[in-house]
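Below: protein36.cif (mmCIF, C-alpha atoms)
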data_query
loop_
_atom_site.label_atom_id
_atom_site.label_comp_id
_atom_site.auth_asym_id
_atom_site.auth_seq_id
_atom_site.Cartn_x
_atom_site.Cartn_y
_atom_site.Cartn_z
CA MET A 1 -20.64 -57.97 29.98
CA ASN A 2 -20.45 -57.51 33.73
CA HIS A 3 -19.53 -53.87 34.27
CA THR A 4 -18.62 -54.10 37.93
CA ASP A 5 -14.90 -54.27 37.09
CA PRO A 6 -13.34 -50.91 36.07
CA ASP A 7 -11.33 -52.50 33.25
CA GLU A 8 -14.44 -54.19 31.86
CA ARG A 9 -16.37 -50.91 32.00
CA TRP A 10 -13.55 -49.17 30.16
CA LEU A 11 -13.46 -51.90 27.50
CA ALA A 12 -17.24 -51.87 27.02
CA THR A 13 -17.24 -48.08 26.70
CA THR A 14 -14.45 -48.22 24.08
CA VAL A 15 -16.35 -50.83 22.03
CA ASP A 16 -19.55 -48.77 22.21
CA VAL A 17 -17.78 -45.60 21.09
CA ALA A 18 -16.10 -47.44 18.20
CA PHE A 19 -19.44 -48.96 17.16
CA PHE A 20 -21.28 -45.65 17.09
CA LEU A 21 -18.42 -43.94 15.22
CA LEU A 22 -18.38 -46.69 12.59
CA LEU A 23 -22.18 -46.74 12.40
CA GLY A 24 -22.34 -42.96 12.02
CA SER A 25 -19.66 -42.86 9.32
CA SER A 26 -21.30 -45.78 7.46
CA PHE A 27 -24.70 -44.08 7.55
CA ALA A 28 -23.20 -40.78 6.37
CA ARG A 29 -21.40 -42.56 3.51
CA PHE A 30 -24.65 -44.27 2.54
CA LEU A 31 -26.53 -40.95 2.44
CA THR A 32 -23.84 -39.25 0.37
CA ARG A 33 -22.76 -42.03 -2.02
CA ASP A 34 -24.78 -45.24 -1.94
CA GLN A 35 -28.42 -44.19 -1.67
CA GLY A 36 -30.79 -44.76 -4.51
CA GLY A 37 -34.26 -45.91 -5.40
CA ALA A 38 -36.93 -47.21 -3.08
CA ARG A 39 -34.52 -49.14 -0.90
CA ILE A 40 -33.42 -46.04 1.02
CA GLY A 41 -36.30 -46.41 3.49
CA TRP A 42 -35.40 -50.03 4.20
CA VAL A 43 -31.74 -49.19 4.66
CA VAL A 44 -32.47 -46.35 7.09
CA ALA A 45 -34.81 -48.66 9.01
CA LEU A 46 -32.14 -51.38 9.12
CA PHE A 47 -29.53 -48.90 10.36
CA ALA A 48 -31.97 -47.90 13.13
CA VAL A 49 -32.74 -51.53 14.03
CA PHE A 50 -29.03 -52.36 13.98
CA CYS A 51 -28.29 -49.49 16.38
CA LEU A 52 -31.25 -50.37 18.64
CA LEU A 53 -30.23 -54.03 18.83
CA HIS A 54 -26.72 -53.05 19.84
CA VAL A 55 -27.98 -50.76 22.63
CA LEU A 56 -30.56 -53.24 23.91
CA GLY A 57 -27.99 -56.01 23.91
CA ARG A 58 -25.91 -54.14 26.49
CA PHE A 59 -28.83 -54.13 28.95
CA LEU A 60 -30.93 -57.19 28.10
CA ALA A 61 -28.29 -59.69 26.92
CA PRO A 62 -24.94 -58.77 28.53
CA ALA A 63 -21.86 -60.77 27.65
CA PRO A 64 -20.86 -63.51 30.11
CA ARG A 65 -18.06 -63.05 32.58
CA PRO A 66 -14.66 -64.26 31.37
CA GLY A 67 -14.47 -68.02 31.62
CA SER A 68 -18.26 -68.46 31.82
CA PRO A 69 -20.35 -69.95 28.98
CA PRO A 70 -22.58 -67.52 27.06
CA THR A 71 -26.23 -67.37 28.01
CA THR A 72 -28.98 -68.31 25.57
CA ARG A 73 -30.18 -64.71 25.57
CA HIS A 74 -26.74 -63.44 24.57
CA LEU A 75 -26.44 -66.00 21.76
CA VAL A 76 -29.88 -64.98 20.44
CA TRP A 77 -28.82 -61.34 20.51
CA LEU A 78 -25.53 -62.09 18.72
CA GLY A 79 -27.36 -64.06 16.02
CA SER A 80 -29.98 -61.33 15.57
CA VAL A 81 -27.55 -58.44 15.27
CA SER A 82 -25.33 -60.46 12.91
CA GLY A 83 -28.32 -61.30 10.71
CA VAL A 84 -29.38 -57.65 10.54
CA TRP A 85 -25.82 -56.66 9.61
CA VAL A 86 -25.69 -59.23 6.78
CA VAL A 87 -28.96 -57.91 5.28
CA LEU A 88 -27.75 -54.33 5.74
CA LEU A 89 -24.47 -55.24 4.04
CA VAL A 90 -26.33 -56.56 0.99
CA LEU A 91 -28.40 -53.36 0.68
CA ALA A 92 -25.73 -50.86 1.77
CA PRO A 93 -22.06 -51.88 1.37
CA SER A 94 -21.19 -48.78 3.40
CA ALA A 95 -22.00 -50.80 6.55
CA THR A 96 -19.00 -53.06 5.94
CA TRP A 97 -16.81 -51.95 8.85
CA CYS A 98 -19.62 -52.15 11.38
CA ALA A 99 -18.60 -55.80 11.57
CA MET A 100 -15.69 -54.98 13.90
CA PRO A 101 -17.83 -54.68 17.08
CA LEU A 102 -19.58 -57.93 16.05
CA LEU A 103 -16.19 -59.58 15.64
CA PHE A 104 -15.21 -58.54 19.14
CA ALA A 105 -18.56 -59.61 20.65
CA GLY A 106 -18.30 -63.06 19.08
CA LEU A 107 -14.68 -63.61 20.10
CA HIS A 108 -15.39 -62.40 23.62
CA ALA A 109 -18.49 -64.50 24.25
CA LEU A 110 -18.04 -67.71 22.25
CA PRO A 111 -15.59 -70.55 22.84
CA THR A 112 -12.58 -70.56 20.52
CA ARG A 113 -13.90 -73.40 18.34
CA LEU A 114 -16.95 -71.24 17.44
CA ALA A 115 -15.41 -67.77 17.66
CA VAL A 116 -12.69 -68.38 15.05
CA PRO A 117 -15.12 -69.65 12.33
CA LEU A 118 -17.42 -66.70 13.05
CA ALA A 119 -14.48 -64.29 12.67
CA ALA A 120 -13.53 -65.97 9.38
CA LEU A 121 -17.11 -65.70 8.08
CA LEU A 122 -17.43 -62.02 8.99
CA THR A 123 -14.05 -61.29 7.38
CA ALA A 124 -15.04 -63.09 4.18
CA LEU A 125 -18.25 -61.05 3.96
CA VAL A 126 -16.25 -57.85 4.45
CA VAL A 127 -13.84 -58.82 1.63
CA VAL A 128 -16.71 -59.73 -0.71
CA SER A 129 -18.45 -56.45 0.02
CA GLU A 130 -15.27 -54.43 -0.56
CA VAL A 131 -14.59 -56.18 -3.86
CA ARG A 132 -18.21 -55.77 -4.97
CA VAL A 133 -18.21 -52.00 -4.65
CA ALA A 134 -14.65 -51.46 -5.87
CA GLY A 135 -14.36 -49.45 -9.06
CA GLY A 136 -11.60 -49.83 -11.65
CA ALA A 137 -8.58 -52.02 -10.98
CA LEU A 138 -8.71 -54.28 -7.94
CA ASN A 139 -6.82 -52.90 -4.97
CA PRO A 140 -4.92 -55.78 -3.30
CA ASN A 141 -5.38 -54.14 0.11
CA MET A 142 -9.12 -54.79 -0.17
CA VAL A 143 -8.43 -58.52 -0.19
CA VAL A 144 -5.42 -58.65 2.14
CA ALA A 145 -6.12 -55.96 4.75
CA PRO A 146 -9.39 -57.31 6.27
CA PRO A 147 -8.08 -60.87 6.83
CA ALA A 148 -4.81 -59.49 8.22
CA VAL A 149 -6.61 -57.18 10.65
CA ALA A 150 -9.06 -59.92 11.60
CA ALA A 151 -6.24 -62.45 12.11
CA VAL A 152 -4.34 -60.08 14.40
CA ALA A 153 -7.48 -59.22 16.38
CA THR A 154 -8.45 -62.88 16.66
CA ALA A 155 -4.97 -63.94 17.75
CA VAL A 156 -4.80 -61.21 20.39
CA LEU A 157 -8.24 -61.93 21.81
CA VAL A 158 -7.72 -65.71 21.84
CA HIS A 159 -4.37 -65.20 23.56
CA LEU A 160 -5.98 -62.94 26.14
CA GLN A 161 -8.74 -65.48 26.70
CA ARG A 162 -6.27 -68.30 27.30
CA GLN A 163 -4.10 -66.12 29.50
CA GLY A 164 -7.18 -65.12 31.46
CA ALA A 165 -8.15 -68.78 31.85
CA ARG A 166 -4.68 -69.57 33.22
CA GLN A 167 -4.87 -66.64 35.61
CA ARG A 168 -8.31 -67.74 36.80
CA GLY A 169 -6.90 -71.22 37.39
CA LEU A 170 -4.06 -69.75 39.43
CA ILE A 171 -6.49 -67.59 41.38
CA ASP A 172 -8.69 -70.61 42.08
CA ASP A 173 -5.62 -72.52 43.29
CA LEU A 174 -4.66 -69.56 45.49
CA VAL A 175 -8.17 -69.36 46.93
CA ARG A 176 -8.18 -73.10 47.66
CA THR A 177 -4.73 -72.79 49.24
CA ARG A 178 -5.93 -69.92 51.42
CA HIS A 179 -8.96 -71.93 52.49
CA ASP A 180 -6.74 -74.92 53.27
CA LEU A 181 -4.34 -72.69 55.20
CA ALA A 182 -7.21 -71.14 57.13
CA ALA A 183 -8.53 -74.61 57.99
CA THR A 184 -5.04 -75.68 59.06
CA GLU A 185 -4.68 -72.59 61.23
CA ARG A 186 -8.07 -73.27 62.79
CA ARG A 187 -7.04 -76.84 63.56
CA ALA A 188 -3.73 -75.62 64.97
CA GLY A 189 -5.62 -73.09 67.09
CA VAL A 190 -7.93 -75.81 68.38
CA LEU A 191 -4.97 -78.04 69.27
CA ALA A 192 -3.15 -75.14 70.94
CA GLU A 193 -6.26 -74.29 72.95
CA ARG A 194 -6.64 -77.92 73.99
CA GLN A 195 -3.02 -77.93 75.11
CA ARG A 196 -3.55 -74.71 77.03
CA LEU A 197 -6.64 -76.13 78.71
CA ALA A 198 -4.82 -79.35 79.62
CA THR A 199 -1.89 -77.40 81.07
CA GLU A 200 -4.08 -75.00 83.03
CA ILE A 201 -6.24 -77.81 84.39
CA HIS A 202 -3.14 -79.74 85.43
CA ASP A 203 -1.59 -76.71 87.13
CA THR A 204 -4.78 -75.64 88.94
CA VAL A 205 -7.53 -78.20 89.39
CA ALA A 206 -5.41 -81.38 89.25
CA GLN A 207 -2.73 -80.12 91.62
CA GLY A 208 -5.36 -78.80 94.02
CA LEU A 209 -7.19 -82.12 94.02
CA SER A 210 -3.91 -83.99 94.56
CA SER A 211 -3.06 -81.85 97.59
CA GLN A 212 -6.58 -82.21 98.97
CA GLY A 213 -6.39 -85.98 98.58
CA MET A 214 -3.09 -86.17 100.44
CA LEU A 215 -4.39 -83.97 103.28
CA LEU A 216 -7.63 -85.92 103.59
CA GLN A 217 -5.72 -89.22 103.71
CA ALA A 218 -3.43 -87.79 106.38
CA ALA A 219 -6.45 -86.60 108.37
CA GLU A 220 -8.04 -90.04 108.13
CA ARG A 221 -4.89 -91.72 109.46
CA VAL A 222 -4.74 -89.57 112.61
CA TRP A 223 -8.46 -88.96 113.06
CA ARG A 224 -8.72 -91.09 116.21
CA THR A 225 -5.23 -90.67 117.65
CA ASP A 226 -4.68 -86.93 117.01
CA PRO A 227 -7.96 -85.09 116.31
CA ASP A 228 -6.32 -81.65 116.39
CA THR A 229 -3.87 -82.57 113.62
CA ALA A 230 -6.71 -84.15 111.63
CA ARG A 231 -8.76 -80.96 111.89
CA ALA A 232 -5.71 -78.93 110.80
CA HIS A 233 -5.41 -81.14 107.74
CA LEU A 234 -9.09 -80.56 106.99
CA ARG A 235 -8.66 -76.80 107.32
CA ASP A 236 -5.72 -76.92 104.95
CA ALA A 237 -7.76 -79.00 102.49
CA ALA A 238 -10.62 -76.47 102.70
CA GLU A 239 -8.19 -73.61 102.09
CA ILE A 240 -6.78 -75.42 99.06
CA THR A 241 -10.35 -75.98 97.83
CA SER A 242 -11.11 -72.25 98.04
CA ARG A 243 -7.87 -71.33 96.34
CA SER A 244 -8.38 -73.92 93.59
CA LEU A 245 -11.91 -72.65 93.01
CA ALA A 246 -10.61 -69.08 92.63
CA GLU A 247 -7.93 -70.30 90.21
CA ALA A 248 -10.50 -72.25 88.19
CA ARG A 249 -12.73 -69.19 87.89
CA ARG A 250 -9.85 -67.02 86.75
CA PHE A 251 -8.80 -69.76 84.35
CA VAL A 252 -12.31 -69.85 82.85
CA HIS A 253 -12.03 -66.10 82.23
CA ASP A 254 -8.46 -66.52 80.89
CA LEU A 255 -7.00 -64.35 83.62
CA ALA A 256 -3.61 -64.44 85.29
CA PRO A 257 -3.09 -66.65 88.37
CA ALA A 258 -4.85 -65.32 91.46
CA ASP A 259 -1.54 -64.75 93.29
CA LEU A 260 -0.40 -62.36 90.55
CA ALA A 261 -3.55 -60.29 90.97
CA GLU A 262 -2.50 -59.55 94.54
CA HIS A 263 1.33 -59.62 94.32
CA THR A 264 4.24 -59.00 92.01
CA LEU A 265 6.11 -62.09 90.81
CA PRO A 266 8.50 -62.13 93.81
CA GLY A 267 5.56 -61.78 96.18
CA ALA A 268 3.62 -64.53 94.41
CA LEU A 269 6.61 -66.91 94.56
CA ALA A 270 7.13 -66.09 98.23
CA ALA A 271 3.44 -66.81 98.94
CA LEU A 272 3.72 -70.07 97.00
CA ALA A 273 6.76 -71.15 99.03
CA GLU A 274 4.97 -70.33 102.26
CA ARG A 275 1.88 -72.32 101.26
CA GLU A 276 3.90 -75.36 100.17
CA SER A 277 5.82 -75.44 103.45
CA GLY A 278 4.33 -77.81 105.99
CA PRO A 279 5.00 -80.84 108.11
CA GLY A 280 7.92 -82.73 106.62
CA LEU A 281 8.77 -80.11 103.93
CA THR A 282 10.22 -76.63 104.32
CA VAL A 283 10.21 -74.42 101.20
CA GLU A 284 12.36 -71.29 101.18
CA PHE A 285 12.10 -68.39 98.75
CA ARG A 286 15.21 -66.51 97.59
CA ARG A 287 15.49 -63.52 95.30
CA ASP A 288 18.58 -62.27 93.49
CA GLY A 289 17.88 -58.95 91.79
CA ASP A 290 14.60 -57.13 91.22
CA PRO A 291 12.95 -57.79 87.84
CA GLY A 292 10.31 -55.13 88.29
CA ARG A 293 7.01 -55.72 86.52
CA LEU A 294 7.42 -58.34 83.77
CA PRO A 295 5.00 -59.08 80.92
CA GLU A 296 1.92 -60.81 82.30
CA ARG A 297 2.40 -63.99 80.26
CA VAL A 298 6.02 -64.31 81.49
CA GLU A 299 5.05 -63.87 85.13
CA ALA A 300 2.18 -66.37 84.78
CA ALA A 301 4.43 -68.93 83.09
CA LEU A 302 7.20 -68.64 85.72
CA LEU A 303 4.71 -68.95 88.57
CA ARG A 304 2.97 -71.94 87.00
CA ILE A 305 6.30 -73.69 86.37
CA ALA A 306 7.30 -73.13 89.99
CA GLN A 307 3.93 -74.55 91.11
CA GLY A 308 4.41 -77.62 88.93
CA ALA A 309 7.97 -78.19 90.14
CA LEU A 310 6.93 -77.94 93.81
CA ALA A 311 4.02 -80.30 93.14
CA ASN A 312 6.54 -82.86 91.86
CA VAL A 313 8.70 -82.29 94.93
CA ARG A 314 5.75 -82.85 97.25
CA GLU A 315 4.43 -85.92 95.45
CA HIS A 316 7.57 -87.71 94.27
CA ALA A 317 10.82 -86.46 95.77
CA ALA A 318 10.44 -87.43 99.47
CA ALA A 319 12.33 -84.18 100.19
CA THR A 320 12.53 -82.32 103.49
CA ARG A 321 13.79 -79.00 102.11
CA ALA A 322 13.28 -77.08 98.87
CA ALA A 323 14.16 -73.63 97.63
CA VAL A 324 12.58 -71.38 95.03
CA THR A 325 15.06 -68.85 93.62
CA LEU A 326 14.13 -65.90 91.40
CA THR A 327 17.18 -64.53 89.57
CA CYS A 328 17.30 -61.37 87.45
CA LEU A 329 20.06 -60.63 84.95
CA ASP A 330 20.27 -57.82 82.42
CA ASP A 331 18.97 -60.03 79.60
CA GLN A 332 16.96 -62.78 81.27
CA VAL A 333 14.98 -63.78 84.32
CA SER A 334 15.01 -67.30 85.73
CA VAL A 335 13.32 -69.37 88.40
CA ASP A 336 15.04 -72.39 89.99
CA VAL A 337 13.31 -74.98 92.17
CA ALA A 338 15.81 -77.17 94.04
CA ASP A 339 15.13 -79.97 96.51
CA ASN A 340 17.12 -82.45 98.61
CA GLY A 341 14.97 -85.43 97.63
CA ARG A 342 15.88 -88.82 96.28
CA GLY A 343 16.61 -87.53 92.76
CA PHE A 344 16.63 -89.61 89.58
CA HIS A 345 18.55 -90.21 86.36
CA ALA A 346 18.11 -87.30 83.93
CA THR A 347 18.98 -88.32 80.37
CA SER A 348 20.64 -84.98 79.63
CA PRO A 349 20.59 -81.46 81.03
CA GLY A 350 17.50 -79.87 79.68
CA GLY A 351 16.55 -83.02 77.84
CA THR A 352 13.85 -85.57 78.52
CA ALA A 353 13.85 -86.53 82.18
CA THR A 354 11.75 -88.60 84.52
CA PRO A 355 9.87 -87.01 87.40
CA SER A 356 11.44 -87.14 90.80
CA GLY A 357 10.91 -90.42 92.48
CA THR A 358 10.37 -92.54 89.38
CA ALA A 359 13.79 -94.16 89.25
CA THR A 360 13.72 -97.92 89.32
CA PRO A 361 15.55 -99.89 92.01
CA SER A 362 18.29 -100.67 89.52
CA GLY A 363 18.96 -96.96 89.16
CA THR A 364 17.77 -96.61 85.56
CA ALA A 365 15.18 -94.02 84.75
CA THR A 366 11.70 -95.00 83.68
CA PRO A 367 10.13 -93.31 80.65
CA GLU A 368 8.78 -89.83 81.35
CA ARG A 369 5.26 -90.07 82.67
CA GLY A 370 2.52 -87.69 83.70
CA HIS A 371 1.84 -84.18 82.48
CA GLY A 372 4.03 -82.12 84.84
CA LEU A 373 7.36 -81.83 83.04
CA PRO A 374 5.83 -81.67 79.52
CA ALA A 375 3.52 -78.88 80.70
CA MET A 376 6.48 -76.96 82.16
CA ARG A 377 8.43 -77.36 78.92
CA ILE A 378 5.49 -76.08 76.88
CA ARG A 379 5.08 -73.03 79.11
CA ALA A 380 8.78 -72.23 78.90
CA ARG A 381 8.78 -72.63 75.11
CA GLN A 382 5.70 -70.39 74.72
CA THR A 383 7.56 -67.52 76.40
CA GLY A 384 10.71 -68.11 74.32
CA GLY A 385 12.52 -69.61 77.30
CA THR A 386 14.15 -72.96 78.12
CA LEU A 387 13.61 -75.51 80.86
CA THR A 388 16.45 -77.63 82.25
CA VAL A 389 16.32 -80.50 84.74
CA GLU A 390 19.45 -81.52 86.64
CA SER A 391 19.33 -84.53 88.95
CA ALA A 392 21.04 -87.71 90.05
CA PRO A 393 19.86 -90.53 92.34
CA GLY A 394 20.26 -89.52 96.00
CA GLU A 395 21.45 -85.99 95.15
CA GLY A 396 18.22 -84.05 94.78
CA THR A 397 16.85 -82.21 91.75
CA VAL A 398 17.04 -78.71 90.27
CA VAL A 399 14.38 -77.54 87.78
CA SER A 400 15.36 -74.26 86.10
CA VAL A 401 13.48 -72.08 83.65
CA ALA A 402 15.15 -69.07 81.99
CA VAL A 403 13.27 -66.51 79.88
CA PRO A 404 15.17 -63.94 77.76
CA LEU A 405 14.07 -60.35 78.20
CA THR A 406 14.87 -56.89 77.00
CA PRO A 407 17.27 -55.09 79.35
CA LEU A 408 15.73 -54.76 82.80
CA ALA A 409 16.53 -52.49 85.71
CA CYS A 410 17.81 -55.22 88.02
CA ALA A 411 19.22 -54.28 91.36
CA ARG A 412 22.33 -56.45 90.96
CA PRO A 413 23.58 -59.38 88.89
CA SER A 414 22.96 -62.94 89.99
CA THR A 415 25.63 -65.01 91.70
CA THR A 416 23.39 -67.73 93.10
CA ALA A 417 24.51 -71.25 92.18
CA LYS A 418 21.95 -73.75 91.00
CA GLU A 419 22.52 -76.60 93.44
CA PRO A 420 20.21 -79.08 95.14
CA VAL A 421 19.24 -78.04 98.64
CA SER A 422 21.21 -79.89 101.30
#

Before we go any further, please render this structure as structure tokens.
Amino acid sequence: MNHTDPDERWLATTVDVAFFLLLGSSFARFLTRDQGGARIGWVVALFAVFCLLHVLGRFLAPAPRPGSPPTTRHLVWLGSVSGVWVVLLVLAPSATWCAMPLLFAGLHALPTRLAVPLAALLTALVVVSEVRVAGGALNPNMVVAPPAVAAVATAVLVHLQRQGARQRGLIDDLVRTRHDLAATERRAGVLAERQRLATEIHDTVAQGLSSQGMLLQAAERVWRTDPDTARAHLRDAAEITSRSLAEARRFVHDLAPADLAEHTLPGALAALAERESGPGLTVEFRRDGDPGRLPERVEAALLRIAQGALANVREHAAATRAAVTLTCLDDQVSVDVADNGRGFHATSPGGTATPSGTATPSGTATPERGHGLPAMRIRARQTGGTLTVESAPGEGTVVSVAVPLTPLACARPSTTAKEPVS
């Protein structure tokens, strides 16, 4: 028996104590009542061998773990100790009740189809031995008591074996379920990380490359006619390259956006508005209330959403003015990006919408394309917030993200209306 489990150690100790008590009382009864003739030496030797086999079996042929088949060594030990007991029983009927530990060992180690016949055989030998040494009238208890005790012990042990088998099956199912759940969580983690990478790449590298491409194309168009403007476009492209490289490095190290390392959220949004302003597009930053220092993930999400919304304005809206508004209430903080561009048909406020500038000539909206709006929605959802898009053809667009917060120390409540910039 494997003694690593406390319950198994306790059970093994109980069986050993019972065996030695029964063996000692049987040997004492033999010495006081049953000894006689030359066989006393053989009986004493058999008692010693019987005791030695029991002790050695604990170390050299331990019982199998519950649910495992018995080893060949354990079966050999069980057969040997049973054979010695049968011979001892013939020579010394006092050893009758030493069968109880054997009964337990057989029921514990053998499958039910073998353990029950073994229990029946041992019980029959006990009854025969009791009847053989009985004096006077036959006591019915000698015939009835051993089978009754053996039947109860067998029923209990078989029940425990089957219950243990069911429990092991349930444990195996639980272990498999935990492994499946762990694999599912790993897959979900991989997918979430892929989504995070896609969103970060879109908001940093892709937007930077898009701006660089537009500036380089503009520089190429005026290279001969207006060299100074062309060189200004090249300087702007180089600045965007440096900024994109810094963002990429921070992204690789899973850090906050570079602007947030140097500014608070209002300062970062103001710097973003200033950078996005240029020939043909003026971006204004407004603040209503002071949110103080927000959780890093909330600040990063709001800044990234504002970056994505302004990238859509620059690439699709054909707008001349835009405004970024940071609003702080007692229970939430929001960022609105409004423009006076061409607008589009939004299917529903906050629902699926097409990017600015993708409306067809007939005025119907094309299916949502690109990664911008989906990325913004994912960022808003990850912070527990919501993203809404309000637009109509020719009336500009407002992209709003609101994130619920614990009560903040805002300077004053917001009264700014969310309207497209005129």

Tell me which protein, DNA and RNA residues are within 6 Å of A:Cys328, counting only C-alpha atoms, leaving out same-chain ones fewer than 5 positions away, and put them as JSON, numbers by chain. {"A": [289, 291, 333]}

Those selected residues, please, written with C-alpha atoms and delivered as a PDB file, in the coordinates of the input.
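Result file follows (selection-v5.pdb):
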ATOM      1  CA  GLY A 289      17.880 -58.950  91.790  1.00  0.00           C
ATOM      2  CA  PRO A 291      12.950 -57.790  87.840  1.00  0.00           C
ATOM      3  CA  VAL A 333      14.980 -63.780  84.320  1.00  0.00           C
TER       4      VAL A 333
END

Take atom CA of A:Gln207 and atom CA of A:Leu302 and report the distance between them in Å, one decimal. 16.3 Å

With the file shown as input, list the residues that the PyMOL selection byres ((chain A and resi 91) around 12) selects, as an NGL selection string. :A and (30 or 34-47 or 84-90 or 92-96 or 129 or 132-133)

Taking (18.6, -70.0, 96.8) in the file's coordinates as the center, which residues reach within 6 Å of it, counting all atoms listed in the file, put as a ChimeraX atom specification? /A:286,323,325

Give me the residues near A:Ser242 as a short mmCIF file (atom, residue, chain, number, x, y, z; two decimals) with C-alpha atoms, in the frame of the given file, where near means some atom within 10 Å (using all atoms listed in the file) and where sequence neighbours in that chain fewer than 6 positions away do not count.
data_model
loop_
_atom_site.label_atom_id
_atom_site.label_comp_id
_atom_site.auth_asym_id
_atom_site.auth_seq_id
_atom_site.Cartn_x
_atom_site.Cartn_y
_atom_site.Cartn_z
CA GLY A 208 -5.36 -78.80 94.02
CA ASP A 236 -5.72 -76.92 104.95
CA ALA A 248 -10.50 -72.25 88.19
#

Once the PyMOL selection byres ((chain A and resi 73) around 10) has been evaluated on this model, what residues remain selected, and can you format them as a list in words?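 Against this file, the PyMOL selection byres ((chain A and resi 73) around 10) returns the residues Gly57, Leu60, Ala61, Pro62, Ala63, Pro70, Thr71, Thr72, His74, Leu75, Val76, Trp77, Leu78 and Gly79 of chain A.
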
Just write the chosen residues, C-alpha atoms, as a PDB file, keeping the file's coordinate frame.
ATOM      1  CA  GLY A  57     -27.990 -56.010  23.910  1.00  0.00           C
ATOM      2  CA  LEU A  60     -30.930 -57.190  28.100  1.00  0.00           C
ATOM      3  CA  ALA A  61     -28.290 -59.690  26.920  1.00  0.00           C
ATOM      4  CA  PRO A  62     -24.940 -58.770  28.530  1.00  0.00           C
ATOM      5  CA  ALA A  63     -21.860 -60.770  27.650  1.00  0.00           C
ATOM      6  CA  PRO A  70     -22.580 -67.520  27.060  1.00  0.00           C
ATOM      7  CA  THR A  71     -26.230 -67.370  28.010  1.00  0.00           C
ATOM      8  CA  THR A  72     -28.980 -68.310  25.570  1.00  0.00           C
ATOM      9  CA  HIS A  74     -26.740 -63.440  24.570  1.00  0.00           C
ATOM     10  CA  LEU A  75     -26.440 -66.000  21.760  1.00  0.00           C
ATOM     11  CA  VAL A  76     -29.880 -64.980  20.440  1.00  0.00           C
ATOM     12  CA  TRP A  77     -28.820 -61.340  20.510  1.00  0.00           C
ATOM     13  CA  LEU A  78     -25.530 -62.090  18.720  1.00  0.00           C
ATOM     14  CA  GLY A  79     -27.360 -64.060  16.020  1.00  0.00           C
TER      15      GLY A  79
END

So the first atom is atom CA of A:Arg377 and the second is atom CA of A:Ser391; what is the distance between them in Å, to one decimal place?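 That distance, rounded to one decimal, is 16.5 Å.
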
Mind checking which residues fall within 9 Å of A:Phe285, counting all atoms listed in the file, ignoring those fewer than 3 positions away in the same chain, and posting them as a list in words?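 Counting only the stated atoms, we get Pro266, Leu269, Ala270, Ala271, Leu272, Ala273, Glu274, Ala322, Ala323, Val324, Thr325 and Leu326 of chain A.
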